[in-house]
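Next comes my_file_31.json, with JSON, N, CA and C atoms.
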```json
[["chain", "number", "residue", "atom", "x", "y", "z"],
["A", 1, "MET", "N", 4.15, -23.47, -13.65],
["A", 1, "MET", "CA", 3.18, -22.38, -13.65],
["A", 1, "MET", "C", 3.71, -21.22, -14.49],
["A", 2, "LYS", "N", 2.81, -20.45, -15.06],
["A", 2, "LYS", "CA", 3.17, -19.25, -15.80],
["A", 2, "LYS", "C", 3.33, -18.09, -14.82],
["A", 3, "THR", "N", 4.06, -17.07, -15.23],
["A", 3, "THR", "CA", 4.29, -15.89, -14.39],
["A", 3, "THR", "C", 3.59, -14.69, -15.01],
["A", 4, "TYR", "N", 2.90, -13.89, -14.15],
["A", 4, "TYR", "CA", 2.17, -12.70, -14.61],
["A", 4, "TYR", "C", 2.58, -11.52, -13.76],
["A", 5, "LYS", "N", 2.68, -10.36, -14.38],
["A", 5, "LYS", "CA", 2.89, -9.12, -13.64],
["A", 5, "LYS", "C", 1.55, -8.39, -13.63],
["A", 6, "VAL", "N", 0.99, -8.16, -12.44],
["A", 6, "VAL", "CA", -0.33, -7.56, -12.28],
["A", 6, "VAL", "C", -0.19, -6.17, -11.69],
["A", 7, "SER", "N", -0.77, -5.16, -12.33],
["A", 7, "SER", "CA", -0.82, -3.80, -11.78],
["A", 7, "SER", "C", -2.05, -3.73, -10.88],
["A", 8, "LEU", "N", -1.84, -3.41, -9.63],
["A", 8, "LEU", "CA", -2.92, -3.36, -8.65],
["A", 8, "LEU", "C", -2.94, -1.97, -8.03],
["A", 9, "ALA", "N", -4.06, -1.26, -8.16],
["A", 9, "ALA", "CA", -4.19, 0.09, -7.60],
["A", 9, "ALA", "C", -5.05, 0.03, -6.34],
["A", 10, "ARG", "N", -4.61, 0.72, -5.30],
["A", 10, "ARG", "CA", -5.37, 0.78, -4.05],
["A", 10, "ARG", "C", -5.35, 2.20, -3.53],
["A", 11, "SER", "N", -6.38, 2.54, -2.79],
["A", 11, "SER", "CA", -6.45, 3.85, -2.14],
["A", 11, "SER", "C", -6.67, 3.66, -0.66],
["A", 12, "TYR", "N", -6.06, 4.51, 0.14],
["A", 12, "TYR", "CA", -6.23, 4.47, 1.58],
["A", 12, "TYR", "C", -6.60, 5.86, 2.08],
["A", 13, "LEU", "N", -7.42, 5.92, 3.11],
["A", 13, "LEU", "CA", -7.66, 7.16, 3.82],
["A", 13, "LEU", "C", -6.91, 7.04, 5.14],
["A", 14, "VAL", "N", -5.93, 7.88, 5.33],
["A", 14, "VAL", "CA", -5.07, 7.82, 6.51],
["A", 14, "VAL", "C", -5.34, 9.05, 7.37],
["A", 15, "THR", "N", -5.69, 8.85, 8.62],
["A", 15, "THR", "CA", -5.84, 9.97, 9.55],
["A", 15, "THR", "C", -4.53, 10.09, 10.29],
["A", 16, "ILE", "N", -3.90, 11.24, 10.18],
["A", 16, "ILE", "CA", -2.56, 11.43, 10.74],
["A", 16, "ILE", "C", -2.47, 12.80, 11.40],
["A", 17, "GLU", "N", -1.79, 12.87, 12.52],
["A", 17, "GLU", "CA", -1.51, 14.15, 13.17],
["A", 17, "GLU", "C", -0.10, 14.58, 12.78],
["A", 18, "ALA", "N", 0.05, 15.80, 12.29],
["A", 18, "ALA", "CA", 1.35, 16.32, 11.87],
["A", 18, "ALA", "C", 1.33, 17.84, 11.99],
["A", 19, "GLU", "N", 2.50, 18.44, 11.84],
["A", 19, "GLU", "CA", 2.63, 19.90, 11.98],
["A", 19, "GLU", "C", 1.90, 20.66, 10.88],
["A", 20, "ASN", "N", 1.87, 20.10, 9.65],
["A", 20, "ASN", "CA", 1.20, 20.77, 8.54],
["A", 20, "ASN", "C", 0.79, 19.75, 7.48],
["A", 21, "LYS", "N", 0.06, 20.24, 6.48],
["A", 21, "LYS", "CA", -0.47, 19.38, 5.43],
["A", 21, "LYS", "C", 0.64, 18.67, 4.64],
["A", 22, "GLU", "N", 1.69, 19.41, 4.30],
["A", 22, "GLU", "CA", 2.77, 18.83, 3.51],
["A", 22, "GLU", "C", 3.45, 17.68, 4.25],
["A", 23, "LYS", "N", 3.70, 17.89, 5.55],
["A", 23, "LYS", "CA", 4.33, 16.82, 6.33],
["A", 23, "LYS", "C", 3.39, 15.64, 6.50],
["A", 24, "ALA", "N", 2.11, 15.90, 6.67],
["A", 24, "ALA", "CA", 1.14, 14.82, 6.79],
["A", 24, "ALA", "C", 1.16, 13.94, 5.53],
["A", 25, "CYS", "N", 1.18, 14.57, 4.37],
["A", 25, "CYS", "CA", 1.22, 13.82, 3.11],
["A", 25, "CYS", "C", 2.51, 13.01, 2.99],
["A", 26, "ARG", "N", 3.63, 13.64, 3.24],
["A", 26, "ARG", "CA", 4.93, 12.97, 3.10],
["A", 26, "ARG", "C", 5.07, 11.82, 4.08],
["A", 27, "PHE", "N", 4.66, 12.01, 5.33],
["A", 27, "PHE", "CA", 4.77, 10.94, 6.33],
["A", 27, "PHE", "C", 3.86, 9.77, 5.96],
["A", 28, "ALA", "N", 2.65, 10.06, 5.50],
["A", 28, "ALA", "CA", 1.73, 8.98, 5.11],
["A", 28, "ALA", "C", 2.31, 8.19, 3.93],
["A", 29, "GLU", "N", 2.86, 8.89, 2.95],
["A", 29, "GLU", "CA", 3.47, 8.21, 1.80],
["A", 29, "GLU", "C", 4.66, 7.36, 2.23],
["A", 30, "PHE", "N", 5.53, 7.94, 3.05],
["A", 30, "PHE", "CA", 6.78, 7.26, 3.41],
["A", 30, "PHE", "C", 6.54, 6.06, 4.32],
["A", 31, "PHE", "N", 5.75, 6.24, 5.35],
["A", 31, "PHE", "CA", 5.62, 5.19, 6.35],
["A", 31, "PHE", "C", 4.58, 4.13, 6.01],
["A", 32, "LEU", "N", 3.71, 4.38, 5.02],
["A", 32, "LEU", "CA", 2.73, 3.38, 4.62],
["A", 32, "LEU", "C", 3.01, 2.84, 3.22],
["A", 33, "GLY", "N", 4.19, 3.07, 2.71],
["A", 33, "GLY", "CA", 4.50, 2.72, 1.33],
["A", 33, "GLY", "C", 4.84, 1.26, 1.08],
["A", 34, "ASP", "N", 5.06, 0.46, 2.11],
["A", 34, "ASP", "CA", 5.49, -0.92, 1.91],
["A", 34, "ASP", "C", 4.30, -1.85, 1.75],
["A", 35, "CYS", "N", 4.40, -2.78, 0.83],
["A", 35, "CYS", "CA", 3.35, -3.79, 0.60],
["A", 35, "CYS", "C", 3.91, -5.15, 0.97],
["A", 36, "GLN", "N", 3.08, -5.98, 1.55],
["A", 36, "GLN", "CA", 3.51, -7.33, 1.92],
["A", 36, "GLN", "C", 2.57, -8.37, 1.37],
["A", 37, "ASP", "N", 3.09, -9.56, 1.16],
["A", 37, "ASP", "CA", 2.30, -10.72, 0.76],
["A", 37, "ASP", "C", 1.70, -11.32, 2.03],
["A", 38, "HIS", "N", 0.37, -11.32, 2.13],
["A", 38, "HIS", "CA", -0.30, -11.84, 3.31],
["A", 38, "HIS", "C", -0.86, -13.25, 3.08],
["A", 39, "SER", "N", -0.46, -13.89, 2.00],
["A", 39, "SER", "CA", -0.94, -15.25, 1.75],
["A", 39, "SER", "C", -0.23, -16.23, 2.69],
["A", 40, "ALA", "N", -0.99, -17.19, 3.17],
["A", 40, "ALA", "CA", -0.43, -18.22, 4.04],
["A", 40, "ALA", "C", 0.04, -19.40, 3.19],
["A", 41, "PHE", "N", 0.88, -20.23, 3.76],
["A", 41, "PHE", "CA", 1.38, -21.41, 3.05],
["A", 41, "PHE", "C", 0.21, -22.26, 2.55],
["A", 42, "ASP", "N", -0.80, -22.46, 3.39],
["A", 42, "ASP", "CA", -1.97, -23.26, 3.00],
["A", 42, "ASP", "C", -2.72, -22.64, 1.82],
["A", 43, "ASP", "N", -2.83, -21.29, 1.79],
["A", 43, "ASP", "CA", -3.47, -20.59, 0.66],
["A", 43, "ASP", "C", -2.74, -20.90, -0.64],
["A", 44, "ARG", "N", -1.41, -20.80, -0.58],
["A", 44, "ARG", "CA", -0.60, -21.02, -1.79],
["A", 44, "ARG", "C", -0.69, -22.46, -2.27],
["A", 45, "GLN", "N", -0.70, -23.41, -1.34],
["A", 45, "GLN", "CA", -0.80, -24.82, -1.71],
["A", 45, "GLN", "C", -2.18, -25.14, -2.28],
["A", 46, "LYS", "N", -3.23, -24.70, -1.61],
["A", 46, "LYS", "CA", -4.60, -25.00, -2.02],
["A", 46, "LYS", "C", -4.95, -24.39, -3.36],
["A", 47, "ASN", "N", -4.53, -23.13, -3.58],
["A", 47, "ASN", "CA", -4.88, -22.40, -4.80],
["A", 47, "ASN", "C", -3.81, -22.46, -5.88],
["A", 48, "LYS", "N", -2.71, -23.10, -5.59],
["A", 48, "LYS", "CA", -1.61, -23.31, -6.55],
["A", 48, "LYS", "C", -1.09, -22.00, -7.14],
["A", 49, "PHE", "N", -0.57, -21.14, -6.26],
["A", 49, "PHE", "CA", 0.04, -19.90, -6.72],
["A", 49, "PHE", "C", 1.21, -19.55, -5.80],
["A", 50, "SER", "N", 2.01, -18.63, -6.25],
["A", 50, "SER", "CA", 3.12, -18.13, -5.45],
["A", 50, "SER", "C", 3.40, -16.69, -5.85],
["A", 51, "ILE", "N", 3.34, -15.78, -4.89],
["A", 51, "ILE", "CA", 3.70, -14.38, -5.16],
["A", 51, "ILE", "C", 5.21, -14.28, -4.98],
["A", 52, "THR", "N", 5.90, -13.99, -6.07],
["A", 52, "THR", "CA", 7.36, -14.02, -6.02],
["A", 52, "THR", "C", 7.98, -12.66, -5.71],
["A", 53, "LYS", "N", 7.25, -11.57, -5.99],
["A", 53, "LYS", "CA", 7.82, -10.24, -5.76],
["A", 53, "LYS", "C", 6.69, -9.23, -5.65],
["A", 54, "VAL", "N", 6.80, -8.31, -4.70],
["A", 54, "VAL", "CA", 5.88, -7.18, -4.58],
["A", 54, "VAL", "C", 6.74, -5.93, -4.51],
["A", 55, "GLU", "N", 6.55, -5.02, -5.45],
["A", 55, "GLU", "CA", 7.34, -3.79, -5.47],
["A", 55, "GLU", "C", 6.43, -2.58, -5.54],
["A", 56, "LEU", "N", 6.80, -1.53, -4.86],
["A", 56, "LEU", "CA", 6.03, -0.29, -4.85],
["A", 56, "LEU", "C", 6.25, 0.44, -6.18],
["A", 57, "ALA", "N", 5.17, 0.71, -6.91],
["A", 57, "ALA", "CA", 5.27, 1.36, -8.21],
["A", 57, "ALA", "C", 4.72, 2.78, -8.19],
["A", 58, "PHE", "N", 3.74, 3.05, -7.34],
["A", 58, "PHE", "CA", 3.12, 4.38, -7.27],
["A", 58, "PHE", "C", 2.70, 4.63, -5.83],
["A", 59, "ASN", "N", 3.09, 5.76, -5.29],
["A", 59, "ASN", "CA", 2.75, 6.10, -3.91],
["A", 59, "ASN", "C", 2.75, 7.61, -3.77],
["A", 60, "GLU", "N", 1.60, 8.22, -3.99],
["A", 60, "GLU", "CA", 1.52, 9.68, -3.93],
["A", 60, "GLU", "C", 0.24, 10.11, -3.22],
["A", 61, "ALA", "N", 0.39, 10.99, -2.24],
["A", 61, "ALA", "CA", -0.79, 11.55, -1.56],
["A", 61, "ALA", "C", -1.52, 12.45, -2.55],
["A", 62, "MET", "N", -2.80, 12.24, -2.71],
["A", 62, "MET", "CA", -3.57, 12.97, -3.69],
["A", 62, "MET", "C", -4.23, 14.22, -3.10],
["A", 63, "GLU", "N", -4.60, 14.17, -1.83],
["A", 63, "GLU", "CA", -5.35, 15.26, -1.22],
["A", 63, "GLU", "C", -5.20, 15.17, 0.29],
["A", 64, "ALA", "N", -5.24, 16.30, 0.96],
["A", 64, "ALA", "CA", -5.23, 16.33, 2.43],
["A", 64, "ALA", "C", -6.11, 17.47, 2.90],
["A", 65, "ASP", "N", -7.04, 17.15, 3.77],
["A", 65, "ASP", "CA", -7.95, 18.14, 4.33],
["A", 65, "ASP", "C", -7.82, 18.14, 5.84],
["A", 66, "GLU", "N", -7.72, 19.31, 6.43],
["A", 66, "GLU", "CA", -7.64, 19.42, 7.88],
["A", 66, "GLU", "C", -8.99, 19.10, 8.49],
["A", 67, "LEU", "N", -8.99, 18.26, 9.52],
["A", 67, "LEU", "CA", -10.22, 17.91, 10.22],
["A", 67, "LEU", "C", -10.48, 18.92, 11.32],
["A", 68, "LYS", "N", -11.70, 19.36, 11.44],
["A", 68, "LYS", "CA", -12.10, 20.28, 12.49],
["A", 68, "LYS", "C", -12.66, 19.47, 13.63],
["A", 69, "GLU", "N", -12.22, 19.78, 14.85],
["A", 69, "GLU", "CA", -12.70, 19.03, 16.01],
["A", 69, "GLU", "C", -13.89, 19.68, 16.64]]
```
Whole structure, structure tokens version:
Amino acid sequence: MKTYKVSLARSYLVTIEAENKEKACRFAEFFLGDCQDHSAFDDRQKNKFSITKVELAFNEAMEADELKE
């Protein structure tokens, strides 16, 4: 099989309780920064692929707004 490096961009909306906006952003970035391969053995066999490495390339909080209750 050939090997490809794919850039994949994703966005998440994270609701988090923290002391302030800066900490909310940093905690969301730090604790949600890991990516995992969720393919099952059967998926890889059936579709003939293998994810060999997943590395975090970009992880930055873009905006944070305080929610009013």
Stretch 58-64 of chain A: which residues within 7 Å, counting only C-alpha atoms, same-chain residues fewer than 2 positions away excluded, as a PyMOL selection string? chain A and resi 21+25+29+33+56+66
In Å and to one decimal, atom C of A:Asp43 is distant from atom N of A:Ser11 by 23.8 Å
4 Å per side around stretch 44-58 of chain A: axis-aligned box centre and edge lengths, as AutoDock Vina command-line options:
```
--center_x 1.5 --center_y -10.3 --center_z -4.4 --size_x 20.9 --size_y 37.8 --size_z 15.6
```
With distances taken over only C-alpha atoms, the candidate from A:Asp65, A:Glu55, A:Asp34, A:Asp42 nearest A:Glu22 is A:Asp65
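A straight-line distance of 29.2 Å separates atom N of A:Arg10 from atom CA of A:Glu69.
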Provide the atom N of A:Phe49 to atom C of A:Leu32 distance in Å, to one decimal place.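 Atom C of A:Leu32 lies at a distance of 26.0 Å from atom N of A:Phe49.
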Report task. Within chain A, find each residue whose DSSP state, derived from the backbone, is alpha helix (DSSP H), and express the selection as a ChimeraX atom specification. Result -> /A:21-31,41-47
- May I have the residues within 8 Å of A:Ile51 as a list in words, using all atoms listed in the file and disregarding those fewer than 5 positions away in the same chain?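 Skipping anything fewer than 5 positions along the chain leaves Asp37, Ser39 and Arg44 of chain A.
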Name the closest residue to A:Thr3 among the candidates A:Ala40, A:Ala28, A:Lys68, A:Thr52; distances are taken between atoms, counting only C-alpha atoms.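 Using only C-alpha atoms, the shortest distance to A:Thr3 belongs to A:Thr52.
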